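Peer 1: I'd like to ask some things about the structure below.
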Amino acid sequence: MPIDAANPVPPNLPRHVGMDQIPDHVPSDLVRQSGLTVGPEFLAGPHDFMAALHHKQPPIYYDVSPMGNMWHLTKHEDALFGLRHPDIFSNEGATPFPRDPNDYFYFIPIEIDPPHHRKYRNIVDPVFSPKGVLKLEELIRRRSNDLIDAIEAKVAAGGTCEFTEDFGRPLPVSVFLDIMGLPQAMRDTFVEWAMELLHSNDRAIMGQAMAKITAYLKEAIAEKKAHPDDGVVSLIAHAEPDGVPLSDKEIFGFVCFLFIGGLDTVFATLNNIWLWLAQNPEKRQEIIDRPEDIDRIVEELLRRWSVTFSGRVLDRDHEMRGVQMKKGDRVTFILPACNFDPEVFPDPMTVDFDRPRKTILAFTVGVHSCMGGHLARLEVKIALQEWLKRVPNFDLQPGTRIEYRPGGVIGPEAVPLVW
């Protein structure tokens, strides 16, 4: 439903947690405790776990979790429908991050459904559109090569490469801070806050992280208002859609959403891909041998290594596959599982660069499709090109035990490489 982002009010939406808070309309035979994002089976191999949902669970089931009870949907067809129908599957109140009810704000534009959604996206589309991100190509290539220079120097001096710390994190986060106009010196601190918010699975810790992010961003916005620059924070702070300046709440909600979304997703994606590259030298060579196919290669890797989920709240009663869901129910589209739907992607766990083109859901679809999707594609593309040009042969350090953090963005915690 349309909401007033300039005067935000906390939505009055139920939040059920635990087996004793399952709504009466949920059939008992659809109740599960899957362990998604937190259970030992998930953490042992998240993507294998999500692919197996198609065989182990019904297409729609009601998941009970310490982080909240909700419907899980795993079919590609159902996700396409839900993500393209914000009139049914609303984004208002769908994000999991705690906020102070006395200083409430909406995450913009993700929690703003049509018709007001578009006015916010129009502000930053010149930066994040396909044409806009191409202006960043030289910057991304330069940062990629600077990082590889440092890695090669460290290895030559007898050191080792821990990919997540040496390349996977600094490349996309540094580029993001350049775009936003935020200081590179704060990079590690920002990432620490994001880790606490996205991976602690403790609402108290999440609340503390949100408080730190809030305090910092309010100061940064005030600085950009007083001293404009070319960054996105300044762009939002001075935007006047339809000739009307944004309110302080709108500016903060917009900047805060971009800040959280920009610090972890591409980082996790690169870590997943490089772990796989280290273990699959023949596919690594295929990428090197097919430079003209780099765009379709990137699409297939993004399908195979999707890292996020997409939450919604039912804005009205809705039946799907014979399952009756009620207004106010929370829903999560398990996007990696949707990208493993065998009815759409046969042999889904195999990386096939000649796979027929289908809509992948790495960045969702519809009006709430990820604003950073084009940037992410470009970063993955350039990272592959520049790394494989200079470091074509590498392996996972022998004896490495891959571990994953609990949370809503999926990637290995460390990827130590040798060559």
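Here, A, B, ... name the chains of the structure tokens in the order displayed, residue numbers run from 1 inside each chain, and ligands are numbered from 1 in the same displayed order.
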Produce a table with one row for each residue of range 284-340 of chain A that has an atom at most 12 Å from any atom of range 401-416 of chain A, each row naming the nearest atom pair and its distance in Å at one decimal; use only C-alpha atoms; arrange rows by chain and rising residue number; format as a tab-separated table.
Peer 2:
residue	atom	partner	partner_atom	distance
A:Trp305	CA	A:Ile410	CA	8.8
A:Ser306	CA	A:Ile410	CA	8.0
A:Val307	CA	A:Ile410	CA	4.7
A:Thr308	CA	A:Val409	CA	5.1
A:Phe309	CA	A:Gly408	CA	6.7
A:Ser310	CA	A:Gly408	CA	9.5
A:Gly311	CA	A:Gly408	CA	10.6
A:Thr332	CA	A:Gly408	CA	11.0
A:Phe333	CA	A:Gly408	CA	11.9
A:Ile334	CA	A:Gly408	CA	10.3
A:Leu335	CA	A:Gly408	CA	11.2
A:Pro336	CA	A:Ile410	CA	9.7
Peer 1: Considering only C-alpha atoms, give me a table of residues in range 207-277 of chain A that are at most 9 Å from range 115-122 of chain A, with the closest atom pair and distance in Å for each, as a tab-separated table.
Peer 2:
residue	atom	partner	partner_atom	distance
A:Pro241	CA	A:Lys119	CA	6.4
A:Asp242	CA	A:Lys119	CA	8.2
A:Phe254	CA	A:Tyr120	CA	8.3
Peer 1: Would you mind listing what lies within 10 Å of Gly261 in chain A as a PyMOL selection string, with only C-alpha atoms counted and same-chain residues fewer than 5 positions away left out?
Peer 2: chain A and resi 194+255-256+266+370-372
Peer 1: Just write the chosen residues, N, CA and C atoms, as a tab-separated table (two decimals), in the first residue's frame.
Peer 2:
chain	number	residue	atom	x	y	z
A	194	ALA	N	28.62	-4.01	9.18
A	194	ALA	CA	27.76	-4.81	8.31
A	194	ALA	C	27.74	-6.27	8.75
A	255	VAL	N	19.98	6.59	2.12
A	255	VAL	CA	21.42	6.40	2.28
A	255	VAL	C	21.70	5.15	3.10
A	256	CYS	N	20.93	4.93	4.15
A	256	CYS	CA	21.15	3.77	5.01
A	256	CYS	C	20.92	2.47	4.25
A	266	VAL	N	28.36	-8.26	-3.09
A	266	VAL	CA	29.35	-8.57	-4.12
A	266	VAL	C	30.57	-9.24	-3.48
A	370	CYS	N	17.31	-5.35	-7.72
A	370	CYS	CA	18.45	-4.72	-7.05
A	370	CYS	C	19.03	-3.57	-7.86
A	371	MET	N	19.12	-2.39	-7.25
A	371	MET	CA	19.68	-1.24	-7.94
A	371	MET	C	21.14	-1.46	-8.32
A	372	GLY	N	21.86	-2.25	-7.52
A	372	GLY	CA	23.27	-2.48	-7.77
A	372	GLY	C	23.56	-3.66	-8.65
Peer 1: Name all residues at most 12 Å from Ala215 in chain A (count only C-alpha atoms; drop same-chain ones fewer than 4 positions away) and give them as an MDAnalysis selection string.
Peer 2: chainID A and resid 103 193 208:211 219:222 252 256
Peer 1: Could you turn the residues from that selection into a file that holds C-alpha atoms, as a short mmCIF file (atom, residue, chain, number, x, y, z; two decimals), in the first residue's frame?
Peer 2:
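Now in selection-v5.cif:
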data_model
loop_
_atom_site.label_atom_id
_atom_site.label_comp_id
_atom_site.auth_asym_id
_atom_site.auth_seq_id
_atom_site.Cartn_x
_atom_site.Cartn_y
_atom_site.Cartn_z
CA ASP A 103 13.18 7.37 15.39
CA TRP A 193 29.26 -3.01 11.31
CA GLN A 208 23.76 -2.07 18.39
CA ALA A 209 25.20 -2.23 14.88
CA MET A 210 22.22 -0.33 13.52
CA ALA A 211 22.75 2.36 16.17
CA GLU A 219 26.87 12.97 10.56
CA ALA A 220 27.94 12.08 7.02
CA ILE A 221 24.68 13.37 5.55
CA ALA A 222 24.99 16.63 7.46
CA PHE A 252 18.54 8.93 5.83
CA CYS A 256 21.15 3.77 5.01
#
Peer 1: For the alpha helix (DSSP H) assignment from backbone DSSP, which residues of range 11-243 of chain A qualify? Please present them as a VMD selection string.
Peer 2: chain A and resid 40 to 44 46 to 56 76 to 83 117 to 128 130 to 134 137 to 156 163 170 to 180 187 to 199 203 to 226 232 to 237
